[in-house]
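A.B. asks: The structure that follows is given in the form of structure tokens.
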Amino acid sequence: MNHRSKLPNIETTIFTIMSNLANTHNAINLSQGFPNFKSDQKLIELVVDAMNSGYNQYAPMLGAMPLRAAIAEKYQQVYQANYNPEDEVVITCGATQAIYTIISAFIHAEDEVILFKPAYDCYEPAIAVNGGKSVAIQLNYPGYQIDWKLVESSITQKTKMIIINTPQNPCGTVFSKEDMLELQRITKDTNIIVLSDEVYEHMVFDGMEHQSACLFPDLKERTFITASFGKTFHNTGWKLGYCCGPSALMKEFIKVHQYNVYCVNHPTQIAIATYMNDASTYNSLPAFFQQKRDLFLNAIKGGRFKWIPTQATYFQVLDYSDITNENDIAYAKRLTIEHGLAAIPLSVFNENKRDQKVLRFCFAKTDETLLKAAKILKTI
Ligand code: PMP
Ligand code: GLN
């Protein structure tokens, strides 16, 4: 059969490649971002309760109302931001579906989308498959600071959207309040839509504060926020997330959502609605993950990797330039095969696959796993 690929340059995602390689070689897997510790038993019991109570058929199209209400309440409590659960919050199949839906609802052929690299890998294929064009702004190790003058000068008549990701995967940095004010300033009085991917909003360390787009009233009016319960509540396999945004924008989002999935997994929605009413379920996360970051970094002290402690997310970037000159993909594979430890090479997320000799390690793991991994890293 002959067909013209819509995505001729897209290869298998690095997360699949590295997790498969880790499994094949029985390596410790700090590559793909998922916890290896158990979900809270209380949350699992709430899902069982929901199933036993009959929540086994289609959920309402926009999501179970108790969950949409709990999300709206959280935005009120944490950010003093208003989202109407009736038409400004939609439950999705992970943040991935929310992101894809936003892009496909708004990007026409030839529209330009500005994004920052290293960028999480689901943005560009979604833009490309909808005929849009990515305009990448490369940020650089170690600081990954943004030159807002460059961002401003990258805006053209065709700029339809700007995608930000704070805290940013894979580099673990956060946008400052000044960054958000710059974003608000350069998009003010434009028709540019902002997609703010905030899946790591509850994993920010060292007393820093997450600068959600919803904290900036003018920006909020043109922004979609995406989030992931998989990341927040240690259940990446449940693929539950959400999108919130102003009703005029959500109207277009819903048109795509209703014929893409219509609705998503029902019992997990009911369970999370109850679970997240206790704010400590997410407020405890910075301390929980900061302890893991510090345990990991203390345990690799004295080795040859270099680092700046990650500000946020559950990823730590390590610089291996004192160890080898190898390209990061080759080194990540060798680390897995020869040393039994899998990580993610950052070049795959960079413009033109720029290699800055850094690998990403996921520390959402038991202390025991982190100490085992650190022992390997320290002796290399
Ligand atoms: N955005 C970023 C930055 C991510 O790291 C991930 C992976 N959790 C996603 C979106 C997708 O989230 P989900 O697994 O809920 O689809
Ligand atoms: N978000 C996860 C990460 O960054 C991976 C999700 C996936 O495998 N698609 O590791």
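Identifiers in this document derive from the order of the structure tokens: chains are assigned A, B, ..., residues are numbered from 1 separately in each chain, and ligands are numbered from 1 in order of occurrence.
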Within 6 Å of ligand 1, counting only C-alpha atoms and all ligand atoms: which residues, as a PyMOL selection string?

C.D. replies: chain A and resi 94-96+120+169+197+199+228+230-231+236+239-241

A.B. asks: Keeping only all heavy atoms, write those residues as a CSV table (one decimal), in the first residue's frame.

C.D. replies:
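The result, written out as again-v5.csv:
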```
chain,number,residue,atom,x,y,z
A,94,GLY,N,-5.5,11.9,30.5
A,94,GLY,CA,-4.2,12.4,30.8
A,94,GLY,C,-4.0,13.8,30.2
A,94,GLY,O,-4.9,14.3,29.5
A,95,ALA,N,-2.9,14.5,30.6
A,95,ALA,CA,-2.6,15.8,30.0
A,95,ALA,C,-2.4,15.7,28.5
A,95,ALA,O,-2.7,16.6,27.8
A,95,ALA,CB,-1.4,16.4,30.7
A,96,THR,N,-1.9,14.5,28.1
A,96,THR,CA,-1.6,14.4,26.7
A,96,THR,C,-2.8,14.6,25.8
A,96,THR,O,-2.7,15.3,24.8
A,96,THR,CB,-1.1,12.9,26.4
A,96,THR,OG1,-0.1,12.6,27.4
A,96,THR,CG2,-0.5,12.8,25.0
A,120,TYR,N,8.9,18.9,26.0
A,120,TYR,CA,8.2,17.6,26.2
A,120,TYR,C,7.8,17.1,24.8
A,120,TYR,O,7.4,18.0,24.0
A,120,TYR,CB,7.1,17.7,27.2
A,120,TYR,CG,6.4,16.4,27.4
A,120,TYR,CD1,7.1,15.3,27.9
A,120,TYR,CD2,5.1,16.2,27.1
A,120,TYR,CE1,6.6,14.1,28.1
A,120,TYR,CE2,4.5,14.9,27.3
A,120,TYR,CZ,5.2,13.9,27.8
A,120,TYR,OH,4.7,12.7,28.0
A,169,ASN,N,9.6,20.1,32.0
A,169,ASN,CA,10.2,18.8,31.7
A,169,ASN,C,10.9,18.9,30.4
A,169,ASN,O,10.3,19.4,29.4
A,169,ASN,CB,9.0,17.7,31.7
A,169,ASN,CG,9.5,16.3,31.4
A,169,ASN,OD1,10.7,16.0,31.5
A,169,ASN,ND2,8.6,15.4,31.1
A,197,ASP,N,1.3,24.1,30.1
A,197,ASP,CA,1.3,22.7,30.6
A,197,ASP,C,1.9,22.8,32.0
A,197,ASP,O,3.1,23.0,32.2
A,197,ASP,CB,2.2,21.9,29.6
A,197,ASP,CG,2.3,20.4,30.0
A,197,ASP,OD1,1.7,20.1,31.0
A,197,ASP,OD2,2.9,19.7,29.3
A,199,VAL,N,1.7,20.2,34.5
A,199,VAL,CA,1.5,18.9,35.1
A,199,VAL,C,2.4,18.7,36.4
A,199,VAL,O,2.0,17.9,37.2
A,199,VAL,CB,1.8,17.7,34.1
A,199,VAL,CG1,0.9,17.8,32.9
A,199,VAL,CG2,3.2,17.6,33.7
A,228,SER,N,-2.2,16.8,35.1
A,228,SER,CA,-2.2,15.3,35.1
A,228,SER,C,-2.3,14.7,36.5
A,228,SER,O,-1.4,14.9,37.3
A,228,SER,CB,-0.8,14.9,34.5
A,228,SER,OG,-0.7,13.5,34.6
A,230,GLY,N,-2.1,11.6,36.9
A,230,GLY,CA,-1.1,10.6,36.9
A,230,GLY,C,0.2,11.0,37.6
A,230,GLY,O,0.8,10.3,38.4
A,231,LYS,N,0.6,12.3,37.3
A,231,LYS,CA,1.8,12.8,37.9
A,231,LYS,C,1.5,13.2,39.4
A,231,LYS,O,2.3,12.9,40.3
A,231,LYS,CB,2.2,14.1,37.2
A,231,LYS,CG,2.7,13.8,35.8
A,231,LYS,CD,4.1,13.2,35.8
A,231,LYS,CE,4.3,12.3,34.5
A,231,LYS,NZ,5.6,11.8,34.3
A,236,THR,N,0.4,7.1,37.0
A,236,THR,CA,0.5,7.5,35.5
A,236,THR,C,-0.3,6.5,34.6
A,236,THR,O,-0.8,6.9,33.6
A,236,THR,CB,1.9,7.5,35.1
A,236,THR,OG1,2.5,6.2,35.3
A,236,THR,CG2,2.8,8.5,35.9
A,239,LYS,N,-4.0,7.4,33.4
A,239,LYS,CA,-4.2,8.4,32.3
A,239,LYS,C,-5.4,9.3,32.6
A,239,LYS,O,-6.4,9.3,31.8
A,239,LYS,CB,-4.3,7.7,31.0
A,239,LYS,CG,-3.1,7.1,30.5
A,239,LYS,CD,-1.9,8.1,30.2
A,239,LYS,CE,-2.2,9.0,29.1
A,239,LYS,NZ,-0.9,9.8,28.8
A,240,LEU,N,-5.4,10.0,33.7
A,240,LEU,CA,-6.5,10.9,33.9
A,240,LEU,C,-5.8,12.3,34.1
A,240,LEU,O,-4.8,12.5,34.9
A,240,LEU,CB,-7.2,10.5,35.2
A,240,LEU,CG,-8.6,11.1,35.3
A,240,LEU,CD1,-9.5,10.4,34.2
A,240,LEU,CD2,-9.2,10.8,36.7
A,241,GLY,N,-6.4,13.3,33.5
A,241,GLY,CA,-5.9,14.7,33.6
A,241,GLY,C,-7.0,15.6,33.3
A,241,GLY,O,-8.2,15.2,33.3
```

A.B. asks: Taking only C-alpha atoms and all ligand atoms into account, which residues have an atom no farther than 8 Å from ligand 2? I'd like them as a CSV table (one decimal) with all heavy atoms, in the first residue's frame.

C.D. replies:
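Result file is result_8.csv:
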```
chain,number,residue,atom,x,y,z
A,13,THR,N,9.0,7.3,20.4
A,13,THR,CA,9.4,8.2,21.5
A,13,THR,C,10.5,7.6,22.4
A,13,THR,O,10.5,6.4,22.6
A,13,THR,CB,8.1,8.5,22.4
A,13,THR,OG1,8.6,9.0,23.7
A,13,THR,CG2,7.2,7.3,22.6
A,14,ILE,N,11.3,8.5,22.9
A,14,ILE,CA,12.5,8.0,23.7
A,14,ILE,C,12.0,7.3,24.9
A,14,ILE,O,12.7,6.4,25.4
A,14,ILE,CB,13.4,9.3,24.1
A,14,ILE,CG1,14.7,8.9,24.6
A,14,ILE,CG2,12.6,10.2,25.0
A,14,ILE,CD1,15.7,8.2,23.6
A,15,PHE,N,10.8,7.6,25.4
A,15,PHE,CA,10.4,6.9,26.7
A,15,PHE,C,10.2,5.5,26.4
A,15,PHE,O,10.5,4.6,27.3
A,15,PHE,CB,9.1,7.6,27.2
A,15,PHE,CG,9.3,9.1,27.4
A,15,PHE,CD1,8.5,10.0,26.7
A,15,PHE,CD2,10.2,9.5,28.4
A,15,PHE,CE1,8.7,11.4,27.0
A,15,PHE,CE2,10.4,10.9,28.6
A,15,PHE,CZ,9.6,11.8,27.9
A,16,THR,N,9.6,5.1,25.3
A,16,THR,CA,9.4,3.7,24.9
A,16,THR,C,10.8,3.1,24.7
A,16,THR,O,11.1,2.0,25.2
A,16,THR,CB,8.5,3.6,23.7
A,16,THR,OG1,7.3,4.1,24.0
A,16,THR,CG2,8.4,2.2,23.2
A,31,SER,N,14.5,6.2,33.6
A,31,SER,CA,14.3,7.0,32.4
A,31,SER,C,12.9,7.6,32.3
A,31,SER,O,12.7,8.7,32.7
A,31,SER,CB,14.6,6.1,31.2
A,31,SER,OG,13.7,5.0,31.0
A,32,GLN,N,11.9,6.8,31.9
A,32,GLN,CA,10.5,7.2,31.8
A,32,GLN,C,10.0,7.7,33.1
A,32,GLN,O,10.3,7.1,34.1
A,32,GLN,CB,9.7,6.1,31.2
A,32,GLN,CG,8.3,6.5,30.7
A,32,GLN,CD,7.6,5.3,30.2
A,32,GLN,OE1,7.9,4.1,30.5
A,32,GLN,NE2,6.6,5.5,29.3
A,33,GLY,N,9.3,8.8,33.1
A,33,GLY,CA,8.8,9.4,34.4
A,33,GLY,C,7.6,8.8,35.0
A,33,GLY,O,6.5,9.1,34.7
A,34,PHE,N,7.8,7.8,35.9
A,34,PHE,CA,6.7,7.2,36.6
A,34,PHE,C,7.3,6.7,37.9
A,34,PHE,O,8.4,6.2,38.0
A,34,PHE,CB,6.0,6.1,35.8
A,34,PHE,CG,6.9,4.9,35.5
A,34,PHE,CD1,7.1,3.9,36.4
A,34,PHE,CD2,7.7,4.9,34.3
A,34,PHE,CE1,7.9,2.8,36.1
A,34,PHE,CE2,8.5,3.8,34.0
A,34,PHE,CZ,8.6,2.8,34.9
A,120,TYR,N,8.9,18.9,26.0
A,120,TYR,CA,8.2,17.6,26.2
A,120,TYR,C,7.8,17.1,24.8
A,120,TYR,O,7.4,18.0,24.0
A,120,TYR,CB,7.1,17.7,27.2
A,120,TYR,CG,6.4,16.4,27.4
A,120,TYR,CD1,7.1,15.3,27.9
A,120,TYR,CD2,5.1,16.2,27.1
A,120,TYR,CE1,6.6,14.1,28.1
A,120,TYR,CE2,4.5,14.9,27.3
A,120,TYR,CZ,5.2,13.9,27.8
A,120,TYR,OH,4.7,12.7,28.0
A,121,ASP,N,7.8,15.8,24.6
A,121,ASP,CA,7.8,15.4,23.2
A,121,ASP,C,6.5,15.3,22.5
A,121,ASP,O,6.4,14.9,21.3
A,121,ASP,CB,8.6,14.1,23.0
A,121,ASP,CG,7.9,12.9,23.7
A,121,ASP,OD1,7.0,13.1,24.5
A,121,ASP,OD2,8.3,11.8,23.5
A,122,CYS,N,5.4,15.6,23.2
A,122,CYS,CA,4.1,15.4,22.5
A,122,CYS,C,3.6,16.7,21.8
A,122,CYS,O,2.6,16.7,21.1
A,122,CYS,CB,3.0,14.9,23.5
A,122,CYS,SG,2.3,16.1,24.6
A,169,ASN,N,9.6,20.1,32.0
A,169,ASN,CA,10.2,18.8,31.7
A,169,ASN,C,10.9,18.9,30.4
A,169,ASN,O,10.3,19.4,29.4
A,169,ASN,CB,9.0,17.7,31.7
A,169,ASN,CG,9.5,16.3,31.4
A,169,ASN,OD1,10.7,16.0,31.5
A,169,ASN,ND2,8.6,15.4,31.1
A,170,PRO,N,12.1,18.4,30.2
A,170,PRO,CA,12.9,17.6,31.1
A,170,PRO,C,13.9,18.3,32.0
A,170,PRO,O,14.6,17.7,32.8
A,170,PRO,CB,13.7,16.8,30.0
A,170,PRO,CG,14.0,17.7,28.9
A,170,PRO,CD,12.7,18.6,28.9
A,362,CYS,N,14.9,10.1,36.7
A,362,CYS,CA,13.6,10.3,37.4
A,362,CYS,C,13.8,9.8,38.8
A,362,CYS,O,14.3,8.7,39.0
A,362,CYS,CB,12.6,9.5,36.7
A,362,CYS,SG,11.0,9.4,37.7
```

A.B. asks: Please provide the set of residues having any atom within 7 Å of segment 253-261 of chain A, restricted to only C-alpha atoms, with same-chain residues fewer than 4 positions apart removed, written as a PyMOL selection string.

C.D. replies: chain A and resi 61+101-102+105+249

A.B. asks: Can I get the selected residues back with all heavy atoms, as an mmCIF file, in the first residue's frame?

C.D. replies:
```
data_model
loop_
_atom_site.group_PDB
_atom_site.id
_atom_site.type_symbol
_atom_site.label_atom_id
_atom_site.label_comp_id
_atom_site.auth_asym_id
_atom_site.auth_seq_id
_atom_site.Cartn_x
_atom_site.Cartn_y
_atom_site.Cartn_z
ATOM 1 N N MET A 61 -19.992 13.992 29.563
ATOM 2 C CA MET A 61 -19.010 14.313 28.514
ATOM 3 C C MET A 61 -17.838 15.156 29.035
ATOM 4 O O MET A 61 -16.685 14.927 28.683
ATOM 5 C CB MET A 61 -19.705 15.053 27.374
ATOM 6 C CG MET A 61 -18.781 15.349 26.231
ATOM 7 S SD MET A 61 -19.683 15.987 24.829
ATOM 8 C CE MET A 61 -19.789 17.718 25.219
ATOM 9 N N THR A 101 -5.896 18.004 22.143
ATOM 10 C CA THR A 101 -7.205 18.599 21.842
ATOM 11 C C THR A 101 -7.087 20.109 21.663
ATOM 12 O O THR A 101 -7.684 20.678 20.737
ATOM 13 C CB THR A 101 -8.206 18.241 22.971
ATOM 14 O OG1 THR A 101 -8.249 16.825 23.077
ATOM 15 C CG2 THR A 101 -9.592 18.778 22.686
ATOM 16 N N ILE A 102 -6.318 20.757 22.524
ATOM 17 C CA ILE A 102 -6.139 22.217 22.396
ATOM 18 C C ILE A 102 -5.515 22.541 21.044
ATOM 19 O O ILE A 102 -5.992 23.410 20.303
ATOM 20 C CB ILE A 102 -5.226 22.758 23.529
ATOM 21 C CG1 ILE A 102 -5.884 22.571 24.892
ATOM 22 C CG2 ILE A 102 -4.874 24.227 23.283
ATOM 23 C CD1 ILE A 102 -4.925 22.695 26.075
ATOM 24 N N ALA A 105 -7.839 21.828 18.106
ATOM 25 C CA ALA A 105 -9.005 22.711 18.045
ATOM 26 C C ALA A 105 -8.657 24.085 17.464
ATOM 27 O O ALA A 105 -9.530 24.784 16.965
ATOM 28 C CB ALA A 105 -9.622 22.873 19.434
ATOM 29 N N LEU A 249 -12.894 29.872 24.981
ATOM 30 C CA LEU A 249 -11.902 28.950 24.408
ATOM 31 C C LEU A 249 -12.324 27.501 24.648
ATOM 32 O O LEU A 249 -12.165 26.634 23.776
ATOM 33 C CB LEU A 249 -10.516 29.184 25.032
ATOM 34 C CG LEU A 249 -9.836 30.533 24.774
ATOM 35 C CD1 LEU A 249 -8.456 30.578 25.420
ATOM 36 C CD2 LEU A 249 -9.699 30.794 23.280
#
```

A.B. asks: Tell me, as an MDAnalysis selection string, which residues lie within 12 Å of Glu45 of chain A, counting only C-alpha atoms; anything in the same chain fewer than 3 positions away does not count.

C.D. replies: chainID A and resid 39:42 48:53 267:268 270:272 274:275

A.B. asks: Would you mind exporting the chosen residues as a PDB file, in the first residue's frame, restricted to N, CA and C atoms?

C.D. replies:
```
ATOM      1  N   SER A  39       0.639   3.456  44.901  1.00  0.00           N
ATOM      2  CA  SER A  39      -0.319   4.543  45.081  1.00  0.00           C
ATOM      3  C   SER A  39      -0.852   4.469  46.508  1.00  0.00           C
ATOM      4  N   ASP A  40      -1.391   5.566  46.982  1.00  0.00           N
ATOM      5  CA  ASP A  40      -2.011   5.589  48.306  1.00  0.00           C
ATOM      6  C   ASP A  40      -3.169   4.567  48.321  1.00  0.00           C
ATOM      7  N   GLN A  41      -3.106   3.665  49.302  1.00  0.00           N
ATOM      8  CA  GLN A  41      -4.137   2.625  49.414  1.00  0.00           C
ATOM      9  C   GLN A  41      -5.537   3.230  49.539  1.00  0.00           C
ATOM     10  N   LYS A  42      -5.593   4.394  50.181  1.00  0.00           N
ATOM     11  CA  LYS A  42      -6.886   5.064  50.358  1.00  0.00           C
ATOM     12  C   LYS A  42      -7.503   5.417  48.992  1.00  0.00           C
ATOM     13  N   VAL A  48     -12.220   1.402  44.105  1.00  0.00           N
ATOM     14  CA  VAL A  48     -13.004   0.168  44.279  1.00  0.00           C
ATOM     15  C   VAL A  48     -14.429   0.524  44.731  1.00  0.00           C
ATOM     16  N   ASP A  49     -14.514   1.446  45.672  1.00  0.00           N
ATOM     17  CA  ASP A  49     -15.841   1.891  46.150  1.00  0.00           C
ATOM     18  C   ASP A  49     -16.664   2.443  44.996  1.00  0.00           C
ATOM     19  N   ALA A  50     -16.004   3.259  44.140  1.00  0.00           N
ATOM     20  CA  ALA A  50     -16.734   3.873  43.021  1.00  0.00           C
ATOM     21  C   ALA A  50     -17.234   2.789  42.069  1.00  0.00           C
ATOM     22  N   MET A  51     -16.408   1.793  41.829  1.00  0.00           N
ATOM     23  CA  MET A  51     -16.838   0.697  40.941  1.00  0.00           C
ATOM     24  C   MET A  51     -17.997  -0.073  41.575  1.00  0.00           C
ATOM     25  N   ASN A  52     -17.855  -0.344  42.884  1.00  0.00           N
ATOM     26  CA  ASN A  52     -18.930  -1.086  43.562  1.00  0.00           C
ATOM     27  C   ASN A  52     -20.214  -0.265  43.659  1.00  0.00           C
ATOM     28  N   SER A  53     -20.060   1.053  43.605  1.00  0.00           N
ATOM     29  CA  SER A  53     -21.258   1.901  43.678  1.00  0.00           C
ATOM     30  C   SER A  53     -21.877   2.125  42.311  1.00  0.00           C
ATOM     31  N   PRO A 267     -14.824   5.647  37.131  1.00  0.00           N
ATOM     32  CA  PRO A 267     -14.603   5.415  38.568  1.00  0.00           C
ATOM     33  C   PRO A 267     -13.402   6.161  39.135  1.00  0.00           C
ATOM     34  N   THR A 268     -12.331   6.310  38.337  1.00  0.00           N
ATOM     35  CA  THR A 268     -11.168   7.040  38.865  1.00  0.00           C
ATOM     36  C   THR A 268     -11.512   8.516  39.085  1.00  0.00           C
ATOM     37  N   ILE A 270     -14.444   9.672  40.077  1.00  0.00           N
ATOM     38  CA  ILE A 270     -15.224   9.759  41.323  1.00  0.00           C
ATOM     39  C   ILE A 270     -14.284   9.654  42.534  1.00  0.00           C
ATOM     40  N   ALA A 271     -13.304   8.736  42.411  1.00  0.00           N
ATOM     41  CA  ALA A 271     -12.373   8.525  43.530  1.00  0.00           C
ATOM     42  C   ALA A 271     -11.512   9.765  43.764  1.00  0.00           C
ATOM     43  N   ILE A 272     -10.963  10.308  42.691  1.00  0.00           N
ATOM     44  CA  ILE A 272     -10.063  11.455  42.864  1.00  0.00           C
ATOM     45  C   ILE A 272     -10.823  12.670  43.380  1.00  0.00           C
ATOM     46  N   THR A 274     -13.129  12.752  45.594  1.00  0.00           N
ATOM     47  CA  THR A 274     -13.157  12.673  47.060  1.00  0.00           C
ATOM     48  C   THR A 274     -11.759  12.877  47.632  1.00  0.00           C
ATOM     49  N   TYR A 275     -10.799  12.212  47.019  1.00  0.00           N
ATOM     50  CA  TYR A 275      -9.424  12.208  47.524  1.00  0.00           C
ATOM     51  C   TYR A 275      -8.842  13.612  47.589  1.00  0.00           C
TER      52      TYR A 275
END
```

A.B. asks: Which of these residues is nearest to Ile186 of chain A, using only C-alpha atoms: A:Gln311, A:Thr156, A:Phe305, A:Ala109?

C.D. replies: A:Thr156

A.B. asks: Please identify all polymer residues within 10 Å of Ala312 of chain A, counting only C-alpha atoms, omitting same-chain residues fewer than 3 positions from it, and present them as a PyMOL selection string.

C.D. replies: chain A and resi 166-169+171-174+200-206+208-210+286+289-290+293+309+315-316

A.B. asks: Write the residues of the selection above to a file with N, CA, C and O atoms, as an mmCIF file, in the first residue's frame.

C.D. replies:
```
data_model
loop_
_atom_site.group_PDB
_atom_site.id
_atom_site.type_symbol
_atom_site.label_atom_id
_atom_site.label_comp_id
_atom_site.auth_asym_id
_atom_site.auth_seq_id
_atom_site.Cartn_x
_atom_site.Cartn_y
_atom_site.Cartn_z
ATOM 1 N N THR A 166 5.701 24.910 32.692
ATOM 2 C CA THR A 166 6.341 25.258 33.955
ATOM 3 C C THR A 166 5.636 24.540 35.089
ATOM 4 O O THR A 166 4.412 24.561 35.140
ATOM 5 N N PRO A 167 6.407 23.850 35.938
ATOM 6 C CA PRO A 167 7.798 23.453 35.836
ATOM 7 C C PRO A 167 8.070 22.678 34.551
ATOM 8 O O PRO A 167 7.196 21.950 34.083
ATOM 9 N N GLN A 168 9.284 22.855 34.046
ATOM 10 C CA GLN A 168 9.587 22.339 32.711
ATOM 11 C C GLN A 168 10.240 20.966 32.735
ATOM 12 O O GLN A 168 11.257 20.739 33.376
ATOM 13 N N ASN A 169 9.615 20.065 31.995
ATOM 14 C CA ASN A 169 10.188 18.751 31.722
ATOM 15 C C ASN A 169 10.884 18.857 30.373
ATOM 16 O O ASN A 169 10.278 19.379 29.431
ATOM 17 N N CYS A 171 13.991 19.648 31.898
ATOM 18 C CA CYS A 171 15.125 20.287 32.574
ATOM 19 C C CYS A 171 14.879 20.623 34.040
ATOM 20 O O CYS A 171 15.821 20.937 34.765
ATOM 21 N N GLY A 172 13.620 20.573 34.508
ATOM 22 C CA GLY A 172 13.364 20.768 35.936
ATOM 23 C C GLY A 172 13.454 22.214 36.394
ATOM 24 O O GLY A 172 13.669 22.476 37.578
ATOM 25 N N THR A 173 13.302 23.153 35.468
ATOM 26 C CA THR A 173 13.337 24.567 35.840
ATOM 27 C C THR A 173 11.914 25.129 35.924
ATOM 28 O O THR A 173 10.970 24.522 35.405
ATOM 29 N N VAL A 174 11.794 26.294 36.570
ATOM 30 C CA VAL A 174 10.464 26.913 36.672
ATOM 31 C C VAL A 174 10.494 28.300 36.047
ATOM 32 O O VAL A 174 11.535 28.953 36.010
ATOM 33 N N TYR A 200 3.460 19.504 36.520
ATOM 34 C CA TYR A 200 4.296 19.349 37.737
ATOM 35 C C TYR A 200 4.051 20.481 38.730
ATOM 36 O O TYR A 200 4.932 20.801 39.540
ATOM 37 N N GLU A 201 2.872 21.096 38.682
ATOM 38 C CA GLU A 201 2.609 22.276 39.528
ATOM 39 C C GLU A 201 2.832 22.013 41.016
ATOM 40 O O GLU A 201 3.199 22.920 41.759
ATOM 41 N N HIS A 202 2.625 20.775 41.458
ATOM 42 C CA HIS A 202 2.756 20.491 42.898
ATOM 43 C C HIS A 202 4.108 19.906 43.269
ATOM 44 O O HIS A 202 4.253 19.326 44.349
ATOM 45 N N MET A 203 5.074 20.032 42.383
ATOM 46 C CA MET A 203 6.417 19.505 42.699
ATOM 47 C C MET A 203 7.441 20.608 42.484
ATOM 48 O O MET A 203 8.208 20.591 41.524
ATOM 49 N N VAL A 204 7.413 21.600 43.360
ATOM 50 C CA VAL A 204 8.328 22.738 43.277
ATOM 51 C C VAL A 204 9.056 22.813 44.615
ATOM 52 O O VAL A 204 8.424 22.693 45.663
ATOM 53 N N PHE A 205 10.392 22.982 44.571
ATOM 54 C CA PHE A 205 11.204 22.780 45.773
ATOM 55 C C PHE A 205 11.832 24.067 46.320
ATOM 56 O O PHE A 205 11.754 25.122 45.704
ATOM 57 N N ASP A 206 12.476 23.886 47.461
ATOM 58 C CA ASP A 206 13.278 24.939 48.098
ATOM 59 C C ASP A 206 12.475 26.213 48.350
ATOM 60 O O ASP A 206 12.994 27.330 48.208
ATOM 61 N N MET A 208 10.272 27.629 46.617
ATOM 62 C CA MET A 208 9.837 28.423 45.459
ATOM 63 C C MET A 208 8.338 28.220 45.247
ATOM 64 O O MET A 208 7.772 27.223 45.691
ATOM 65 N N GLU A 209 7.734 29.167 44.532
ATOM 66 C CA GLU A 209 6.292 29.038 44.296
ATOM 67 C C GLU A 209 6.000 28.847 42.829
ATOM 68 O O GLU A 209 6.625 29.497 41.978
ATOM 69 N N HIS A 210 5.047 27.964 42.561
ATOM 70 C CA HIS A 210 4.645 27.732 41.171
ATOM 71 C C HIS A 210 3.900 28.962 40.660
ATOM 72 O O HIS A 210 2.934 29.411 41.275
ATOM 73 N N PRO A 286 5.712 18.688 47.628
ATOM 74 C CA PRO A 286 7.050 19.300 47.543
ATOM 75 C C PRO A 286 8.030 18.676 48.540
ATOM 76 O O PRO A 286 9.150 18.304 48.169
ATOM 77 N N PHE A 289 8.971 14.964 47.506
ATOM 78 C CA PHE A 289 9.903 14.792 46.382
ATOM 79 C C PHE A 289 11.237 15.509 46.614
ATOM 80 O O PHE A 289 12.265 15.083 46.105
ATOM 81 N N GLN A 290 11.208 16.583 47.396
ATOM 82 C CA GLN A 290 12.488 17.253 47.687
ATOM 83 C C GLN A 290 13.397 16.317 48.486
ATOM 84 O O GLN A 290 14.599 16.247 48.251
ATOM 85 N N ARG A 293 14.907 14.003 45.980
ATOM 86 C CA ARG A 293 15.969 14.680 45.210
ATOM 87 C C ARG A 293 17.245 14.757 46.033
ATOM 88 O O ARG A 293 18.334 14.414 45.565
ATOM 89 N N PRO A 309 20.995 21.364 41.592
ATOM 90 C CA PRO A 309 19.786 20.683 42.076
ATOM 91 C C PRO A 309 18.551 21.151 41.312
ATOM 92 O O PRO A 309 18.369 22.346 41.081
ATOM 93 N N PHE A 315 12.479 15.169 38.101
ATOM 94 C CA PHE A 315 13.625 14.829 37.262
ATOM 95 C C PHE A 315 14.857 15.626 37.672
ATOM 96 O O PHE A 315 14.759 16.816 37.958
ATOM 97 N N GLN A 316 16.002 14.938 37.667
ATOM 98 C CA GLN A 316 17.273 15.600 37.915
ATOM 99 C C GLN A 316 18.149 15.422 36.678
ATOM 100 O O GLN A 316 18.346 14.305 36.203
#
```

A.B. asks: Can you list, as a ChimeraX atom specification, all residues belonging to segment 15-204 of chain A that DSSP tags as alpha helix (DSSP H)?

C.D. replies: /A:15-24,41-52,65-79,94-106,123-129,148-154,177-187

A.B. asks: Looking at only C-alpha atoms, which of A:Ala279, A:Leu21, A:Ala136, A:Met250 is the one that sits closest to Lys74 of chain A?

C.D. replies: A:Ala279

A.B. asks: For Pro8 of chain A, work out the shell of residues within 12 Å, counting only C-alpha atoms and skipping chain neighbours fewer than 4 positions away, then give it as a ChimeraX atom specification.

C.D. replies: /A:3-4,12,125,128-129

A.B. asks: Hey, which of A:Gln157, A:Ser176, A:Ser212, A:Gln145 ends up closest to Asn191 of chain A? Count only C-alpha atoms.

C.D. replies: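 So, comparing all the options, the nearest one is A:Gln157.
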
A.B. asks: Give me, please, the distance in Å between atom CA of Asp179 of chain A and atom CA of Gln138 of chain A, quoted to one decimal.

C.D. replies: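 Interatomic distance, atom CA of Asp179 of chain A to atom CA of Gln138 of chain A: 15.5 Å.
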
A.B. asks: If you measure from atom CA of Arg304 of chain A to atom CA of Lys375 of chain A, what distance in Å do you get, rounded to one decimal?

C.D. replies: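 Computing it gives 12.2 Å between the two atoms.
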
A.B. asks: I need the residue nearest Asn82 of chain A from this list: A:Phe175, A:Phe361, A:Phe106, A:Phe216. Use only C-alpha atoms for the distance.

C.D. replies: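 Of A:Phe175, A:Phe361, A:Phe106, A:Phe216, the one nearest Asn82 of chain A is A:Phe216, counting only C-alpha atoms.
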
A.B. asks: Between atom CA of Ile337 of chain A and atom CA of Thr379 of chain A, what is the distance, to one decimal in Å?

C.D. replies: 15.9 Å

A.B. asks: Nearest to Ile99 of chain A: which of A:Ile28, A:Ala227, A:Ala343, A:Ala364 is it, counting only C-alpha atoms?

C.D. replies: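 Of A:Ile28, A:Ala227, A:Ala343, A:Ala364, the one nearest Ile99 of chain A is A:Ala227, counting only C-alpha atoms.
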
A.B. asks: Using only C-alpha atoms, which of the listed residues (A:Lys177, A:Lys149, A:Lys378, A:Lys188) sits closest to Gly303 of chain A?

C.D. replies: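 Closest candidate: A:Lys378.
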